[in-house]
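Quick look at structure-v7.txt (compact mmCIF, C-alpha atoms):
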# COMPACT_ATOMS: atom_id res chain seq x y z
CA MET W 1 -7.17 -7.89 -15.53
CA PHE W 2 -5.44 -5.64 -12.99
CA LEU W 3 -6.64 -5.49 -9.42
CA PRO W 4 -8.66 -2.42 -8.41
CA ILE W 5 -6.75 0.66 -7.29
CA THR W 6 -9.78 3.01 -7.25
CA LYS W 7 -13.32 2.79 -5.93
CA ASN W 8 -14.66 3.07 -9.51
CA GLU W 9 -12.61 0.04 -10.58
CA MET W 10 -14.00 -1.85 -7.59
CA LYS W 11 -17.57 -0.90 -8.53
CA GLU W 12 -16.95 -1.95 -12.17
CA ARG W 13 -16.38 -5.46 -10.79
CA GLY W 14 -19.72 -5.27 -9.01
CA TRP W 15 -18.24 -5.04 -5.53
CA ASP W 16 -19.69 -2.83 -2.82
CA GLN W 17 -16.77 -3.49 -0.45
CA ALA W 18 -13.29 -4.98 -0.61
CA ASP W 19 -12.59 -7.91 1.71
CA ILE W 20 -8.93 -6.96 2.05
CA VAL W 21 -7.15 -3.71 1.26
CA LEU W 22 -3.41 -3.99 0.69
CA VAL W 23 -1.33 -0.86 1.27
CA THR W 24 2.17 -0.60 -0.21
CA GLY W 25 4.88 2.03 -0.36
CA ASP W 26 5.69 1.05 -3.95
CA ALA W 27 3.88 1.71 -7.18
CA TYR W 28 1.38 -1.05 -8.01
CA ILE W 29 3.11 -3.29 -10.52
CA ASP W 30 1.36 -6.57 -11.23
CA HIS W 31 4.52 -8.68 -11.43
CA PRO W 32 5.87 -11.55 -9.31
CA ALA W 33 8.90 -9.47 -8.31
CA PHE W 34 6.62 -7.43 -6.04
CA GLY W 35 5.34 -9.12 -2.90
CA THR W 36 2.13 -7.11 -2.74
CA SER W 37 1.13 -8.34 -6.19
CA VAL W 38 1.91 -11.96 -5.34
CA ILE W 39 -0.06 -11.85 -2.09
CA ALA W 40 -2.95 -10.06 -3.80
CA ARG W 41 -3.14 -12.65 -6.58
CA VAL W 42 -3.00 -15.59 -4.14
CA LEU W 43 -5.80 -14.06 -2.06
CA GLU W 44 -7.80 -13.30 -5.20
CA SER W 45 -7.43 -16.93 -6.33
CA LYS W 46 -9.06 -17.96 -3.03
CA GLY W 47 -12.08 -15.78 -3.79
CA TYR W 48 -11.27 -12.66 -1.77
CA ARG W 49 -12.02 -9.20 -3.13
CA ILE W 50 -8.75 -7.27 -3.04
CA GLY W 51 -8.09 -3.54 -3.36
CA ILE W 52 -4.62 -2.03 -3.53
CA ILE W 53 -3.59 1.39 -2.23
CA SER W 54 -0.25 2.28 -3.72
CA MET W 55 1.95 4.97 -2.18
CA PRO W 56 -0.72 6.71 -0.06
CA ASP W 57 -0.17 10.36 0.83
CA PHE W 58 1.29 9.92 4.29
CA GLN W 59 0.29 13.46 5.29
CA ASN W 60 -3.40 12.89 4.53
CA ALA W 61 -5.42 10.25 6.38
CA ASP W 62 -8.07 10.38 3.64
CA SER W 63 -5.59 8.77 1.22
CA ILE W 64 -6.13 5.49 3.06
CA ASP W 65 -9.89 5.72 2.49
CA VAL W 66 -9.86 4.82 -1.23
CA PHE W 67 -12.08 1.73 -0.84
CA GLY W 68 -13.70 2.49 2.49
CA LYS W 69 -13.64 0.00 5.34
CA PRO W 70 -12.53 -3.48 4.25
CA GLY W 71 -14.60 -6.48 5.31
CA LEU W 72 -11.67 -8.35 6.84
CA PHE W 73 -8.44 -6.38 7.27
CA PHE W 74 -5.80 -4.05 5.91
CA GLY W 75 -2.50 -5.62 4.83
CA VAL W 76 0.42 -3.18 5.03
CA THR W 77 3.98 -3.20 3.73
CA SER W 78 6.50 -0.44 3.18
CA GLY W 79 7.37 -1.93 -0.20
CA ALA W 80 10.22 -3.82 -1.82
CA ILE W 81 12.91 -1.78 -0.09
CA ASP W 82 13.22 -0.43 3.45
CA SER W 83 11.87 3.13 3.58
CA MET W 84 14.98 4.51 5.28
CA LEU W 85 17.21 2.95 2.63
CA ALA W 86 14.92 4.29 -0.08
CA LYS W 87 15.25 7.79 1.34
CA TYR W 88 18.92 7.97 2.37
CA THR W 89 22.29 6.91 0.99
CA ALA W 90 24.94 5.14 3.08
CA PHE W 91 26.39 8.62 3.73
CA LYS W 92 23.04 9.77 5.21
CA ARG W 93 22.28 12.05 2.31
CA TYR W 94 18.91 12.19 0.59
CA ARG W 95 18.64 9.93 -2.44
CA SER W 96 18.00 11.69 -5.72
CA ASP W 97 15.70 9.00 -7.09
CA ASP W 98 13.51 6.02 -6.20
CA PRO W 99 13.43 3.23 -8.81
CA TYR W 100 10.18 1.89 -7.31
CA ALA W 101 8.22 5.11 -7.75
CA PRO W 102 6.71 6.63 -10.90
CA GLY W 103 9.10 9.13 -12.42
CA GLY W 104 11.74 8.09 -9.89
CA ILE W 105 10.42 10.60 -7.34
CA SER W 106 10.10 9.15 -3.85
CA HIS W 107 6.76 9.50 -2.07
CA LYS W 108 7.68 7.15 0.75
CA PRO W 109 7.92 8.49 4.30
CA GLU W 110 10.55 7.44 6.79
CA ARG W 111 9.43 4.32 8.66
CA ALA W 112 6.66 3.82 6.13
CA LEU W 113 5.14 0.72 7.74
CA ILE W 114 4.46 2.55 11.01
CA THR W 115 3.27 5.66 9.20
CA TYR W 116 0.77 3.75 7.03
CA CYS W 117 -0.56 1.82 10.03
CA ASN W 118 -1.07 5.10 11.90
CA LEU W 119 -3.03 6.49 8.94
CA ILE W 120 -5.30 3.44 9.02
CA LYS W 121 -5.87 3.68 12.77
CA LYS W 122 -6.85 7.35 12.42
CA LYS W 123 -9.68 6.35 10.08
CA TYR W 124 -10.55 2.80 11.18
CA LYS W 125 -9.75 2.05 14.81
CA ASP W 126 -11.60 -1.26 14.79
CA VAL W 127 -10.21 -2.84 11.59
CA PRO W 128 -7.38 -5.40 12.02
CA ILE W 129 -4.05 -4.69 10.36
CA VAL W 130 -1.75 -7.45 9.08
CA ILE W 131 1.79 -6.19 8.58
CA GLY W 132 4.64 -7.71 6.66
CA GLY W 133 7.54 -7.07 4.39
CA ILE W 134 11.06 -5.83 4.83
CA GLU W 135 10.34 -3.42 7.70
Encoded form (structure tokens):
Amino acid sequence: MFLPITKNEMKERGWDQADIVLVTGDAYIDHPAFGTSVIARVLESKGYRIGIISMPDFQNADSIDVFGKPGLFFGVTSGAIDSMLAKYTAFKRYRSDDPYAPGGISHKPERALITYCNLIKKKYKDVPIVIGGIE
């Protein structure tokens, strides 16, 4: 069974709140090649209720509010590839595709880790944030 990515999926499991909400700049793919999935499954195996926000709209603070306030913390990563590398080529031109996004269209902002953390702090000033990943 996939981990919840919407509030309805969380409620179908009988949860009123997620313990931990993981935010990633990649699409949610439940596969060991993606760090967010591995971390989520390890935490789930320890009994934590995990929600995943995949590729939030970085121009809308409400996109971080999918599950509401988590009981413990937000975990944030920019994804499997640095956001600047995902956006630009070595010649500083925009990339035409993103292999980690649905349809190959990039939704990742520059400096995604900082951007996602700022979105969280706009909505939830008092919730701890655990950061990790390539950025």
**OP:** Show which residues sit within 12 Å of Pro32 in chain W, as a list of chain:residue names. Count only C-alpha atoms, and ignore same-chain residues fewer than 4 positions away.
**Re:** W:Tyr28, W:Thr36, W:Ser37, W:Val38, W:Ile39, W:Ala40, W:Arg41, W:Val42, W:Ala80
Original post:
Near Val130 in chain W, within 10 Å and counting all atoms listed in the file, which residues show up once chain neighbours fewer than 4 positions away are dropped, as a ChimeraX atom specification?
Top reply: /W:22,73-77,117
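The two atoms in question, CA of His107 in chain W and CA of Gly133 in chain W, are spaced 17.8 Å apart.
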Subject >> Separation of CA of Gly71 in chain W from CA of Ile5 in chain W, in Å and rounded to one decimal >> reply: 16.5 Å
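Ranking W:Ile20, W:Ile134, W:Ala27, W:Ala33 by their shortest atom-to-atom distance to Pro56 in chain W, with all atoms listed in the file included, puts W:Ala27 first.
CA of Gly35 in chain W is positioned 24.8 Å from CA of Asn60 in chain W.
Near range 61-68 of chain W, within 7 Å and counting all atoms listed in the file, sit Thr6, Lys7, Ala18, Pro56, Leu119, Ile120, Lys122 and Lys123 of chain W; same-chain residues fewer than 5 positions away were not included.
Counting all atoms listed in the file, the residue from W:Glu110, W:Asp97, W:Glu12, W:Asp126 that sits nearest to Gln59 in chain W is W:Glu110.
Closest approach to Asn118 in chain W from the set W:Phe58, W:Tyr48, W:Phe2, W:Phe34 is made by W:Phe58, with distances taken over all atoms listed in the file.
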**OP:** Find the residue from W:Glu44, W:Asp30, W:Asp57, W:Glu135 that sits nearest to Pro109 in chain W; use all atoms listed in the file when measuring.
**Re:** W:Asp57
With 4 Å of padding per side, what axis-aligned box (centre and edge lengths, Å, one decimal) covers all the listed atoms of range 13-28 of chain W? Give it as AutoDock Vina command-line options.
--center_x -7.0 --center_y -2.9 --center_z -4.4 --size_x 33.4 --size_y 17.9 --size_z 20.8
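When all atoms listed in the file are used to compute distances to Gly51 in chain W, the closest of the residues W:Thr89, W:Ser83, W:Asn8, W:Ser78 turns out to be W:Asn8.
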Starting from the incomplete input, reconstruct N, CA, C and O atoms of range 27-46 of chain W and report them as a PDB file, in the frame of the given file.
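Result written to rebuild_34.pdb:
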ATOM      1  N   ALA W  27       4.880   1.628  -6.139  1.00  0.00           N
ATOM      2  CA  ALA W  27       3.880   1.710  -7.180  1.00  0.00           C
ATOM      3  C   ALA W  27       3.269   0.316  -7.360  1.00  0.00           C
ATOM      4  O   ALA W  27       3.932  -0.686  -7.111  1.00  0.00           O
ATOM      5  N   TYR W  28       2.005   0.251  -7.769  1.00  0.00           N
ATOM      6  CA  TYR W  28       1.380  -1.050  -8.010  1.00  0.00           C
ATOM      7  C   TYR W  28       1.846  -1.563  -9.367  1.00  0.00           C
ATOM      8  O   TYR W  28       1.528  -0.994 -10.406  1.00  0.00           O
ATOM      9  N   ILE W  29       2.624  -2.626  -9.313  1.00  0.00           N
ATOM     10  CA  ILE W  29       3.110  -3.290 -10.520  1.00  0.00           C
ATOM     11  C   ILE W  29       2.701  -4.747 -10.394  1.00  0.00           C
ATOM     12  O   ILE W  29       3.114  -5.425  -9.457  1.00  0.00           O
ATOM     13  N   ASP W  30       1.877  -5.208 -11.302  1.00  0.00           N
ATOM     14  CA  ASP W  30       1.360  -6.570 -11.230  1.00  0.00           C
ATOM     15  C   ASP W  30       2.392  -7.536 -11.805  1.00  0.00           C
ATOM     16  O   ASP W  30       2.284  -7.980 -12.948  1.00  0.00           O
ATOM     17  N   HIS W  31       3.404  -7.840 -10.998  1.00  0.00           N
ATOM     18  CA  HIS W  31       4.520  -8.680 -11.430  1.00  0.00           C
ATOM     19  C   HIS W  31       5.005  -9.478 -10.234  1.00  0.00           C
ATOM     20  O   HIS W  31       4.999  -8.982  -9.109  1.00  0.00           O
ATOM     21  N   PRO W  32       5.432 -10.718 -10.437  1.00  0.00           N
ATOM     22  CA  PRO W  32       5.870 -11.550  -9.310  1.00  0.00           C
ATOM     23  C   PRO W  32       7.085 -11.041  -8.544  1.00  0.00           C
ATOM     24  O   PRO W  32       7.394 -11.549  -7.473  1.00  0.00           O
ATOM     25  N   ALA W  33       7.769 -10.033  -9.044  1.00  0.00           N
ATOM     26  CA  ALA W  33       8.900  -9.470  -8.310  1.00  0.00           C
ATOM     27  C   ALA W  33       8.439  -8.606  -7.135  1.00  0.00           C
ATOM     28  O   ALA W  33       9.244  -8.236  -6.297  1.00  0.00           O
ATOM     29  N   PHE W  34       7.155  -8.296  -7.084  1.00  0.00           N
ATOM     30  CA  PHE W  34       6.620  -7.430  -6.040  1.00  0.00           C
ATOM     31  C   PHE W  34       5.694  -8.239  -5.136  1.00  0.00           C
ATOM     32  O   PHE W  34       4.676  -8.769  -5.572  1.00  0.00           O
ATOM     33  N   GLY W  35       6.058  -8.307  -3.876  1.00  0.00           N
ATOM     34  CA  GLY W  35       5.340  -9.120  -2.900  1.00  0.00           C
ATOM     35  C   GLY W  35       3.870  -8.789  -2.790  1.00  0.00           C
ATOM     36  O   GLY W  35       3.032  -9.681  -2.652  1.00  0.00           O
ATOM     37  N   THR W  36       3.533  -7.508  -2.848  1.00  0.00           N
ATOM     38  CA  THR W  36       2.130  -7.110  -2.740  1.00  0.00           C
ATOM     39  C   THR W  36       1.307  -7.730  -3.859  1.00  0.00           C
ATOM     40  O   THR W  36       0.206  -8.223  -3.622  1.00  0.00           O
ATOM     41  N   SER W  37       1.839  -7.744  -5.059  1.00  0.00           N
ATOM     42  CA  SER W  37       1.130  -8.340  -6.190  1.00  0.00           C
ATOM     43  C   SER W  37       0.957  -9.843  -6.022  1.00  0.00           C
ATOM     44  O   SER W  37      -0.105 -10.393  -6.323  1.00  0.00           O
ATOM     45  N   VAL W  38       1.989 -10.510  -5.543  1.00  0.00           N
ATOM     46  CA  VAL W  38       1.910 -11.960  -5.340  1.00  0.00           C
ATOM     47  C   VAL W  38       0.853 -12.286  -4.290  1.00  0.00           C
ATOM     48  O   VAL W  38      -0.017 -13.144  -4.500  1.00  0.00           O
ATOM     49  N   ILE W  39       0.914 -11.602  -3.165  1.00  0.00           N
ATOM     50  CA  ILE W  39      -0.060 -11.850  -2.090  1.00  0.00           C
ATOM     51  C   ILE W  39      -1.468 -11.539  -2.573  1.00  0.00           C
ATOM     52  O   ILE W  39      -2.403 -12.301  -2.321  1.00  0.00           O
ATOM     53  N   ALA W  40      -1.628 -10.435  -3.294  1.00  0.00           N
ATOM     54  CA  ALA W  40      -2.950 -10.060  -3.800  1.00  0.00           C
ATOM     55  C   ALA W  40      -3.504 -11.135  -4.743  1.00  0.00           C
ATOM     56  O   ALA W  40      -4.680 -11.500  -4.652  1.00  0.00           O
ATOM     57  N   ARG W  41      -2.677 -11.637  -5.629  1.00  0.00           N
ATOM     58  CA  ARG W  41      -3.140 -12.650  -6.580  1.00  0.00           C
ATOM     59  C   ARG W  41      -3.470 -13.982  -5.896  1.00  0.00           C
ATOM     60  O   ARG W  41      -4.423 -14.668  -6.274  1.00  0.00           O
ATOM     61  N   VAL W  42      -2.698 -14.359  -4.888  1.00  0.00           N
ATOM     62  CA  VAL W  42      -3.000 -15.590  -4.140  1.00  0.00           C
ATOM     63  C   VAL W  42      -4.338 -15.437  -3.414  1.00  0.00           C
ATOM     64  O   VAL W  42      -5.193 -16.324  -3.473  1.00  0.00           O
ATOM     65  N   LEU W  43      -4.538 -14.296  -2.752  1.00  0.00           N
ATOM     66  CA  LEU W  43      -5.800 -14.060  -2.060  1.00  0.00           C
ATOM     67  C   LEU W  43      -6.973 -14.012  -3.042  1.00  0.00           C
ATOM     68  O   LEU W  43      -8.043 -14.560  -2.775  1.00  0.00           O
ATOM     69  N   GLU W  44      -6.757 -13.372  -4.180  1.00  0.00           N
ATOM     70  CA  GLU W  44      -7.800 -13.300  -5.200  1.00  0.00           C
ATOM     71  C   GLU W  44      -8.169 -14.702  -5.698  1.00  0.00           C
ATOM     72  O   GLU W  44      -9.343 -15.011  -5.906  1.00  0.00           O
ATOM     73  N   SER W  45      -7.173 -15.563  -5.852  1.00  0.00           N
ATOM     74  CA  SER W  45      -7.430 -16.930  -6.330  1.00  0.00           C
ATOM     75  C   SER W  45      -8.266 -17.731  -5.333  1.00  0.00           C
ATOM     76  O   SER W  45      -8.913 -18.716  -5.702  1.00  0.00           O
ATOM     77  N   LYS W  46      -8.263 -17.304  -4.074  1.00  0.00           N
ATOM     78  CA  LYS W  46      -9.060 -17.960  -3.030  1.00  0.00           C
ATOM     79  C   LYS W  46     -10.446 -17.338  -2.898  1.00  0.00           C
ATOM     80  O   LYS W  46     -11.215 -17.711  -2.023  1.00  0.00           O
TER      81      LYS W  46
END
